[in-house]
Amino acid sequence: MPDPGRTADAIQRILDDLHAKYRDFDDGKPADYIPELSKANPKDFGIVIATTDGRIYEIGETRKEFTIQSISKPFTYALALKLHSDAYMEAKVGVEPSGDAFNAISLHPQTGIPRNPMINAGAIATTAQVMAFDPERAETLLLDFYSDMAGRRLDVNESVFRSERDTGHRNRAIGHLLRNFDIINTNPEPGLQLYFRQCAVSVTCQDLGVMAATLACQGRNPVTGTEVLDPDITTNVLAVMGSCGMYDYTGQWLYNVGMPAKSGVGGGVMAVVPGRLGLAVYSPPLDSYGNSSRGIAVCEEISERLQLHLFNQPSRAGTTIRSATTAQRRRSRRWRSEQESQQLDRHGDRIHVLQAQGVLDFAAAEELLAEMQSKASAGAILVIDLQQVLALPRVDAELLREEIDDLAKLDVPCLLCRGEHLREFWPQGEGQLAKEGQYFGSLDRGLEAAEDMLLEALLREAGEQPPQTCTVGLLELLPPQTRSQLEPLLERRSFAQGELVCRQGDAGDEVFLIESGLFSAVLGPPVAEKPLRFATFSPSVSFGEMAFLTRSPRTADVVADEPGSCLVLTRSTFDRLEREQPQVVIDLLLALHQDLARKLGRTNQQLLLLEQG
Ligand code: DON
């Protein structure tokens with residue numbers, strides 16, 4: 001995760017520049033129909049950008065409190081959608097733009113349903129539903145919710161509240177009209193009272209930036225991490241902000257700025273670039289629509305300069321597949337016999353390793369699915385690494401599951417790796433797939449399983465049985481005479497499953513030649529929950545020679561993964577041979593070097609691949 005404390009100077013400079021450019025822009029004047037608002041300082045001017053990573057860029061009066069006014073409307077609408085069913089709310093307020101001023105008495109002529117929750121009539125109807133839900137606790141519910149959106153405790157500015165309560169006759173008239181149409185079913189006064197109080201909630205430009213970023217983040221506050229709002233409700237709220245948030249200026253705003261937004265007569269403007277950022281401007285002078293003049297000008301320029309218009313988004317095509325390779329290049333950390341390695345060299349291109357990245361939304365998921373499909377020729381095996389996938393929305397998780405099922409019907413197995421973090425993909429947990437050998441907690445294990453599958457398939461296709469006995473590769477590198485002199489001197493040692501063969505730090509005084517079983521070199525105590533394995537050795541492979549040759553301590557534990565046996569060359573045998581049969585030692589050293597050179601060659605290949613990505 002990036003450090004939210006760090007911000008980019010280049011972005012900050014843009015805000016500084018905009019602030020300097022618009023500081024002296026003096027169109028409009030602060031609202032005065034609510035007497036207390038006329039006291040605002042027209043020079044106050046703040047700009048905030050809050051990212052969906054929780055980073056905040058700010059300039060000017062961003063910590064000065066002012067009243068939220070109409071910017072409260074989308075939040076109360078969100079709260080009402082949280083408290084009531086969709087059908088209930090549909091009967092109380094519409095979602096059609098009215099094209100009217102904020103204080104227009106814009107009700108449906110027959111039903112009396114206000115056009116939308118962003119104009120006063122719809123907002124009063126909405127607040128009344130919060131009041132109806134729990135008259136005792138309505139204000140607490142509302143303030144708690146706003147506070148969660150902002151990530152800090154918010155409260156009501158009592159003098160602004162009183163000022164509007166005592167002068168808000170038009171809003172009071174709207175409330176009674178709504179009572180007349182039964183949109184409000186009880187005395188409208190408590191709901192109106194709550195509406196005046198919500199408009200008088202004191203916020204800073206920074207609060208509005210974070211609240212906007214929370215909407216940009218599908219309802220998760222990116223600063224506190226709290227899931228405040230359901231993504232579906234967030235979408236609904238942004239939709240009405242998009243079509244109705246700037247009153248009768250909304251069409252032009254969407255055309256010029258291209259973001260769902262909301263303004264307030266306190267001088268605030270809040271705009272949202274979904275999935276990207278929240279933007280807030282504070283400047284009290286208003287234009288004839290009741291929107292902050294500087295706010296509009298700054299948002300227009302930010303949208304243009306930073307290319308944030310929603311309808312001007314670059315395609316992300318081609319960014320989903322982080323890497324696509326085959327097992328001819330990329331191998332697991334399993335060391336196999338020379339024969340098996342050669343088989344993988346020859347046929348490894350049947351194993352396709354796809355590493356996906358980013359947010360797998362529809363377009364990205366489609367890219368991955370198409371890529372999977374293109375690799376799915378007969379006999380292919382797919383290994384899909386999900387570690388760098390940041391999110392997999394439910395619908396796209398279903399598409400991925402379907403694709404995997406389709407490929408399974410074509411006998412193309414898909415082995416998924418490192419996707420535990422994608423909760424949407426595992427409605428029943430990843431355990432079931434792991435049991436079926438289709439899910440692996442590490443890419444290495446997935447690759448290893450794919451190699452095993454391919455080697456089995458190759459035997460099946462050739463009509464061969466797996467070899468019953470195996471010859472030790474190192475011995476095969478020796479001249480026959482040396483081999484017959486050496487073999488009787490090797491000690492045969494059997495290991496039970498889980499038995500420790502040697503321990504990190506032990507003297508490296510033995511070389512092990514595997515006859516049967518699998519042995520893993522692991523870092524960390526073998527009892528640890530997830531010891532890191534850096535190699536698994538198969539029959540015919542030898543291990544322990546590096547510490548033996550360099551006379552250095554063991555660098556890892558080696559554990560028997562299954563029952564097995566090894567031929568062991570001890571240091572004392574080696575030393576005795578050196579004295580008594582030097583030619584055997586020379587041949588042995590040559591064989592060890594040949595074996596090591598082969599291993600080094602393969603290791604280099606994997607390192608190169610890592611570097612190339
Ligand atoms: O109801 C009112 O008139 C105010 N409390 C809020 C109006 C408002 O903010 C309009 N927005 N630009």
# chains A, B, ... in the order shown; residues from 1 in each chain; ligands from 1
>>> residues_around(residues="region 509-526 of chain A", least_positions_apart="5", cutoff="8 Å", atoms="only C-alpha atoms", output="PyMOL selection string")
chain A and resi 470-472+474+531-545+547-548+551+556-571
>>> residues_near_ligand(ligand="ligand 1", cutoff="6 Å", atoms="only C-alpha atoms and all ligand atoms", output="compact mmCIF listing (two decimals) with N, CA and C atoms, in the first residue's frame")
# COMPACT_ATOMS: atom_id res chain seq x y z
N GLN A 69 -24.99 23.02 4.04
CA GLN A 69 -26.18 23.37 3.27
C GLN A 69 -26.61 22.23 2.35
N SER A 70 -26.83 22.54 1.07
CA SER A 70 -27.42 21.51 0.18
C SER A 70 -26.51 20.32 -0.08
N PHE A 102 -33.06 25.50 -7.07
CA PHE A 102 -33.00 24.61 -5.90
C PHE A 102 -34.23 24.70 -5.00
N ASN A 120 -34.78 21.30 -2.95
CA ASN A 120 -35.27 21.37 -1.56
C ASN A 120 -36.47 20.49 -1.30
N CYS A 199 -28.74 21.02 7.17
CA CYS A 199 -28.12 22.05 6.33
C CYS A 199 -27.10 22.87 7.12
N SER A 263 -23.60 21.20 -4.84
CA SER A 263 -23.17 22.50 -4.30
C SER A 263 -24.06 22.86 -3.12
N GLY A 264 -23.64 23.85 -2.38
CA GLY A 264 -24.42 24.34 -1.24
C GLY A 264 -24.31 25.85 -1.15
N VAL A 265 -25.35 26.48 -0.62
CA VAL A 265 -25.30 27.96 -0.55
C VAL A 265 -24.32 28.47 0.49
N GLY A 290 -27.10 29.68 -7.48
CA GLY A 290 -26.87 29.30 -6.09
C GLY A 290 -25.66 28.39 -5.95
N ASN A 291 -24.82 28.35 -6.99
CA ASN A 291 -23.59 27.55 -6.95
C ASN A 291 -22.39 28.48 -6.74
>>> residues_around(residues="Val257 (chain A)", least_positions_apart="5", cutoff="10 Å", atoms="only C-alpha atoms", output="PyMOL selection string")
chain A and resi 250-252+271+296-304+307-311
>>> write_last_selection(atoms="all heavy atoms", output="CSV table (one decimal), in the first residue's frame")
chain,number,residue,atom,x,y,z
A,250,THR,N,-27.2,21.8,-14.1
A,250,THR,CA,-26.6,20.4,-14.1
A,250,THR,C,-26.1,20.0,-15.5
A,250,THR,O,-25.1,19.4,-15.6
A,250,THR,CB,-27.6,19.4,-13.5
A,250,THR,OG1,-27.9,19.9,-12.2
A,250,THR,CG2,-26.9,18.0,-13.4
A,251,GLY,N,-26.9,20.3,-16.5
A,251,GLY,CA,-26.6,19.9,-17.8
A,251,GLY,C,-25.3,20.5,-18.3
A,251,GLY,O,-24.4,19.8,-18.8
A,252,GLN,N,-25.2,21.8,-18.1
A,252,GLN,CA,-24.0,22.5,-18.5
A,252,GLN,C,-22.8,22.0,-17.7
A,252,GLN,O,-21.7,21.8,-18.2
A,252,GLN,CB,-24.2,24.0,-18.3
A,252,GLN,CG,-23.1,24.8,-19.0
A,252,GLN,CD,-23.2,24.8,-20.5
A,252,GLN,OE1,-24.3,24.9,-21.1
A,252,GLN,NE2,-22.1,24.5,-21.1
A,271,ALA,N,-17.3,17.4,-5.8
A,271,ALA,CA,-17.5,16.6,-7.0
A,271,ALA,C,-16.7,15.3,-6.8
A,271,ALA,O,-15.8,15.2,-6.1
A,271,ALA,CB,-16.9,17.4,-8.2
A,296,ILE,N,-17.2,26.6,-9.4
A,296,ILE,CA,-17.5,26.1,-10.7
A,296,ILE,C,-16.3,26.3,-11.6
A,296,ILE,O,-15.8,25.4,-12.3
A,296,ILE,CB,-18.7,26.9,-11.3
A,296,ILE,CG1,-19.9,26.8,-10.5
A,296,ILE,CG2,-18.9,26.6,-12.8
A,296,ILE,CD1,-20.9,25.8,-10.9
A,297,ALA,N,-15.7,27.5,-11.5
A,297,ALA,CA,-14.5,27.8,-12.4
A,297,ALA,C,-13.4,26.9,-12.1
A,297,ALA,O,-12.8,26.4,-13.0
A,297,ALA,CB,-14.1,29.3,-12.1
A,298,VAL,N,-13.1,26.6,-10.8
A,298,VAL,CA,-12.0,25.8,-10.4
A,298,VAL,C,-12.2,24.3,-10.9
A,298,VAL,O,-11.4,23.7,-11.5
A,298,VAL,CB,-11.7,25.8,-8.9
A,298,VAL,CG1,-10.7,24.8,-8.5
A,298,VAL,CG2,-11.2,27.2,-8.5
A,299,CYS,N,-13.5,23.8,-10.7
A,299,CYS,CA,-13.8,22.5,-11.0
A,299,CYS,C,-13.6,22.3,-12.5
A,299,CYS,O,-13.1,21.3,-13.0
A,299,CYS,CB,-15.2,22.0,-10.6
A,299,CYS,SG,-15.2,21.9,-8.8
A,300,GLU,N,-14.1,23.3,-13.3
A,300,GLU,CA,-14.0,23.2,-14.7
A,300,GLU,C,-12.5,23.1,-15.1
A,300,GLU,O,-12.2,22.2,-16.0
A,300,GLU,CB,-14.6,24.4,-15.4
A,300,GLU,CG,-16.1,24.3,-15.6
A,300,GLU,CD,-16.7,25.5,-16.4
A,300,GLU,OE1,-15.9,26.4,-16.9
A,300,GLU,OE2,-17.9,25.6,-16.4
A,301,GLU,N,-11.7,23.9,-14.5
A,301,GLU,CA,-10.3,23.9,-14.9
A,301,GLU,C,-9.6,22.6,-14.5
A,301,GLU,O,-8.8,22.0,-15.2
A,301,GLU,CB,-9.6,25.1,-14.5
A,301,GLU,CG,-8.2,25.1,-15.0
A,301,GLU,CD,-7.5,26.5,-15.1
A,301,GLU,OE1,-8.2,27.5,-15.0
A,301,GLU,OE2,-6.3,26.5,-15.2
A,302,ILE,N,-9.9,22.2,-13.3
A,302,ILE,CA,-9.3,20.9,-12.8
A,302,ILE,C,-9.7,19.8,-13.7
A,302,ILE,O,-8.8,18.9,-14.1
A,302,ILE,CB,-9.7,20.6,-11.4
A,302,ILE,CG1,-9.0,21.6,-10.4
A,302,ILE,CG2,-9.3,19.2,-11.0
A,302,ILE,CD1,-9.2,21.3,-8.9
A,303,SER,N,-10.9,19.7,-14.1
A,303,SER,CA,-11.4,18.6,-15.0
A,303,SER,C,-10.7,18.6,-16.3
A,303,SER,O,-10.2,17.6,-16.8
A,303,SER,CB,-12.9,18.7,-15.2
A,303,SER,OG,-13.3,17.8,-16.1
A,304,GLU,N,-10.5,19.8,-16.8
A,304,GLU,CA,-9.8,20.0,-18.1
A,304,GLU,C,-8.3,19.7,-18.0
A,304,GLU,O,-7.8,18.9,-18.8
A,304,GLU,CB,-10.1,21.5,-18.6
A,304,GLU,CG,-9.2,21.9,-19.7
A,304,GLU,CD,-9.6,21.3,-21.0
A,304,GLU,OE1,-10.8,20.9,-21.1
A,304,GLU,OE2,-8.7,21.2,-21.9
A,307,GLN,N,-7.8,16.1,-17.0
A,307,GLN,CA,-8.5,15.1,-17.9
A,307,GLN,C,-9.3,14.2,-17.0
A,307,GLN,O,-9.2,12.9,-17.1
A,307,GLN,CB,-7.5,14.3,-18.7
A,307,GLN,CG,-6.8,15.2,-19.8
A,307,GLN,CD,-7.8,15.6,-20.9
A,307,GLN,OE1,-8.1,14.7,-21.7
A,307,GLN,NE2,-8.2,16.8,-20.9
A,308,LEU,N,-10.2,14.8,-16.2
A,308,LEU,CA,-11.0,14.0,-15.3
A,308,LEU,C,-12.4,13.8,-15.7
A,308,LEU,O,-13.2,13.1,-15.0
A,308,LEU,CB,-11.0,14.6,-13.9
A,308,LEU,CG,-9.6,14.6,-13.2
A,308,LEU,CD1,-9.7,15.4,-11.9
A,308,LEU,CD2,-9.1,13.2,-12.9
A,309,HIS,N,-12.8,14.4,-16.9
A,309,HIS,CA,-14.2,14.2,-17.3
A,309,HIS,C,-14.6,12.8,-17.4
A,309,HIS,O,-13.8,12.0,-18.1
A,309,HIS,CB,-14.3,14.9,-18.7
A,309,HIS,CG,-15.7,15.3,-19.0
A,309,HIS,ND1,-16.7,14.4,-19.3
A,309,HIS,CD2,-16.3,16.5,-19.2
A,309,HIS,CE1,-17.8,15.0,-19.6
A,309,HIS,NE2,-17.6,16.3,-19.6
A,310,LEU,N,-15.7,12.4,-16.9
A,310,LEU,CA,-16.1,11.0,-16.8
A,310,LEU,C,-16.3,10.4,-18.2
A,310,LEU,O,-16.1,9.2,-18.4
A,310,LEU,CB,-17.4,10.8,-16.1
A,310,LEU,CG,-17.4,10.5,-14.6
A,310,LEU,CD1,-18.8,10.2,-14.1
A,310,LEU,CD2,-16.5,9.3,-14.4
A,311,PHE,N,-16.6,11.2,-19.1
A,311,PHE,CA,-16.9,10.7,-20.5
A,311,PHE,C,-15.6,10.8,-21.4
A,311,PHE,O,-15.7,10.6,-22.6
A,311,PHE,CB,-18.1,11.5,-21.1
A,311,PHE,CG,-19.3,11.4,-20.3
A,311,PHE,CD1,-20.1,12.5,-20.1
A,311,PHE,CD2,-19.6,10.3,-19.6
A,311,PHE,CE1,-21.2,12.5,-19.3
A,311,PHE,CE2,-20.8,10.2,-18.8
A,311,PHE,CZ,-21.6,11.3,-18.7
>>> residues_around(residues="Pro97 (chain A)", least_positions_apart="2", cutoff="8 Å", atoms="only C-alpha atoms", output="VMD selection string")
chain A and resid 95 99 115 to 116 243 to 244 247
>>> closest_residue(among="A:Cys205, A:Val383, A:Arg418, A:Val389", to="Gly295 (chain A)", atoms="only C-alpha atoms")
A:Cys205
>>> atom_distance(atom1="CA of Pro231 (chain A)", atom2="CA of Ala78 (chain A)")
10.7 Å
>>> atom_distance(atom1="CA of His169 (chain A)", atom2="CA of Ala261 (chain A)")
26.9 Å
>>> atom_distance(atom1="CA of Thr224 (chain A)", atom2="CA of Asp53 (chain A)")
10.5 Å
>>> select_by_dssp(residues="region 15-251 of chain A", states="helix (DSSP H, G or I)", output="VMD selection string")
chain A and resid 15 to 22 35 to 39 69 to 83 86 to 90 120 to 133 138 to 150 158 to 167 169 to 180 188 to 199 205 to 216 231 to 244 247 to 251
>>> residues_around(residues="Leu15 (chain A)", least_positions_apart="2", cutoff="9 Å", atoms="only C-alpha atoms", output="tab-separated table (two decimals) with C-alpha atoms, in the first residue's frame")
chain	number	residue	atom	x	y	z
A	11	ILE	CA	-0.06	17.71	-8.14
A	12	GLN	CA	0.26	20.13	-5.25
A	13	ARG	CA	1.72	22.72	-7.64
A	17	ASP	CA	-1.44	27.47	-9.31
A	18	LEU	CA	-5.24	27.28	-9.50
A	19	HIS	CA	-5.57	28.95	-6.13
A	20	ALA	CA	-3.33	31.81	-7.22
A	47	ILE	CA	-9.42	23.56	-2.72
A	48	VAL	CA	-9.04	19.89	-1.75
A	49	ILE	CA	-8.40	16.76	-3.76
A	57	TYR	CA	-3.95	17.70	-1.48
A	58	GLU	CA	-5.11	21.04	-0.21
A	59	ILE	CA	-4.57	24.76	-0.57
A	302	ILE	CA	-9.28	20.91	-12.81
>>> select_by_dssp(residues="region 240-477 of chain A", states="strand (DSSP E)", output="ChimeraX atom specification")
/A:261-263,268-273,277-282,321-326,334-335,351-359,381-391,414-417,439-440
>>> closest_residue(among="A:Gly266, A:Arg329, A:Leu208, A:Ser106", to="Gln606 (chain A)", atoms="only C-alpha atoms")
A:Arg329
>>> residues_around(residues="Pro393 (chain A)", least_positions_apart="6", cutoff="12 Å", atoms="only C-alpha atoms", output="PyMOL selection string")
chain A and resi 231+358-365+399-400+422-426
>>> residues_around(residues="Leu610 (chain A)", least_positions_apart="2", cutoff="12 Å", atoms="only C-alpha atoms", output="list in words")
Ser323, Thr325, Arg329, Arg330, Arg331, Thr603, Asn604, Gln605, Gln606, Leu607, Leu608, Gln612 and Gly613 of chain A
>>> closest_residue(among="A:Ile71, A:Ala87, A:Leu407, A:Ile14", to="Pro260 (chain A)", atoms="only C-alpha atoms")
A:Ile71
>>> closest_residue(among="A:Met259, A:Ala173, A:Val160, A:Met211", to="Glu36 (chain A)", atoms="only C-alpha atoms")
A:Val160
>>> closest_residue(among="A:Cys414, A:Val281, A:Leu458, A:Leu490", to="Gly348 (chain A)", atoms="only C-alpha atoms")
A:Leu458
>>> closest_residue(among="A:Tyr22, A:Tyr146, A:Tyr195, A:Phe574", to="Met131 (chain A)", atoms="only C-alpha atoms")
A:Tyr195
>>> decode(residues="region 414-476 of chain A", atoms="C-alpha atoms", output="short mmCIF file (atom, residue, chain, number, x, y, z; two decimals), in the first residue's frame")
data_model
loop_
_atom_site.label_atom_id
_atom_site.label_comp_id
_atom_site.auth_asym_id
_atom_site.auth_seq_id
_atom_site.Cartn_x
_atom_site.Cartn_y
_atom_site.Cartn_z
CA CYS A 414 -6.95 -24.20 -14.88
CA LEU A 415 -4.85 -24.06 -11.75
CA LEU A 416 -5.48 -20.89 -9.78
CA CYS A 417 -2.77 -19.49 -7.56
CA ARG A 418 -2.55 -16.85 -4.84
CA GLY A 419 -6.10 -15.52 -4.85
CA GLU A 420 -7.20 -15.87 -1.20
CA HIS A 421 -7.59 -12.09 -0.99
CA LEU A 422 -10.32 -12.09 -3.65
CA ARG A 423 -13.21 -12.92 -1.38
CA GLU A 424 -15.78 -12.57 -4.17
CA PHE A 425 -14.27 -15.54 -5.93
CA TRP A 426 -14.62 -17.95 -3.04
CA PRO A 427 -18.21 -17.92 -1.86
CA GLN A 428 -17.53 -21.26 -0.12
CA GLY A 429 -13.90 -20.58 0.70
CA GLU A 430 -10.94 -21.71 -1.38
CA GLY A 431 -10.69 -25.00 0.53
CA GLN A 432 -12.81 -27.00 -1.88
CA LEU A 433 -10.79 -26.02 -4.92
CA ALA A 434 -7.57 -26.67 -3.02
CA LYS A 435 -8.84 -30.17 -2.21
CA GLU A 436 -9.54 -30.76 -5.88
CA GLY A 437 -5.96 -29.74 -6.67
CA GLN A 438 -7.12 -26.67 -8.56
CA TYR A 439 -6.09 -23.98 -6.13
CA PHE A 440 -2.62 -23.26 -4.73
CA GLY A 441 -1.53 -20.77 -2.12
CA SER A 442 1.74 -20.23 -3.99
CA LEU A 443 2.53 -19.88 -7.67
CA ASP A 444 5.40 -22.31 -7.21
CA ARG A 445 3.07 -25.06 -6.01
CA GLY A 446 0.70 -24.37 -8.89
CA LEU A 447 3.54 -24.60 -11.38
CA GLU A 448 4.79 -27.81 -9.81
CA ALA A 449 1.31 -29.38 -10.02
CA ALA A 450 1.02 -28.32 -13.67
CA GLU A 451 4.42 -29.91 -14.42
CA ASP A 452 3.30 -33.13 -12.68
CA MET A 453 0.09 -33.12 -14.74
CA LEU A 454 2.00 -32.61 -17.97
CA LEU A 455 4.54 -35.36 -17.20
CA GLU A 456 1.70 -37.77 -16.42
CA ALA A 457 -0.11 -36.78 -19.61
CA LEU A 458 3.05 -37.34 -21.65
CA LEU A 459 3.43 -40.86 -20.21
CA ARG A 460 -0.25 -41.56 -20.88
CA GLU A 461 -0.02 -40.29 -24.44
CA ALA A 462 3.06 -42.47 -25.04
CA GLY A 463 1.28 -45.45 -23.43
CA GLU A 464 4.06 -45.73 -20.86
CA GLN A 465 3.98 -46.48 -17.15
CA PRO A 466 5.79 -44.26 -14.66
CA PRO A 467 9.28 -45.74 -14.09
CA GLN A 468 9.28 -48.03 -11.05
CA THR A 469 12.95 -47.74 -10.27
CA CYS A 470 15.17 -44.79 -10.77
CA THR A 471 18.82 -44.36 -11.35
CA VAL A 472 20.70 -41.68 -9.50
CA GLY A 473 21.76 -38.98 -11.94
CA LEU A 474 25.03 -38.23 -10.27
CA LEU A 475 26.15 -41.89 -10.44
CA GLU A 476 25.34 -41.97 -14.14
#
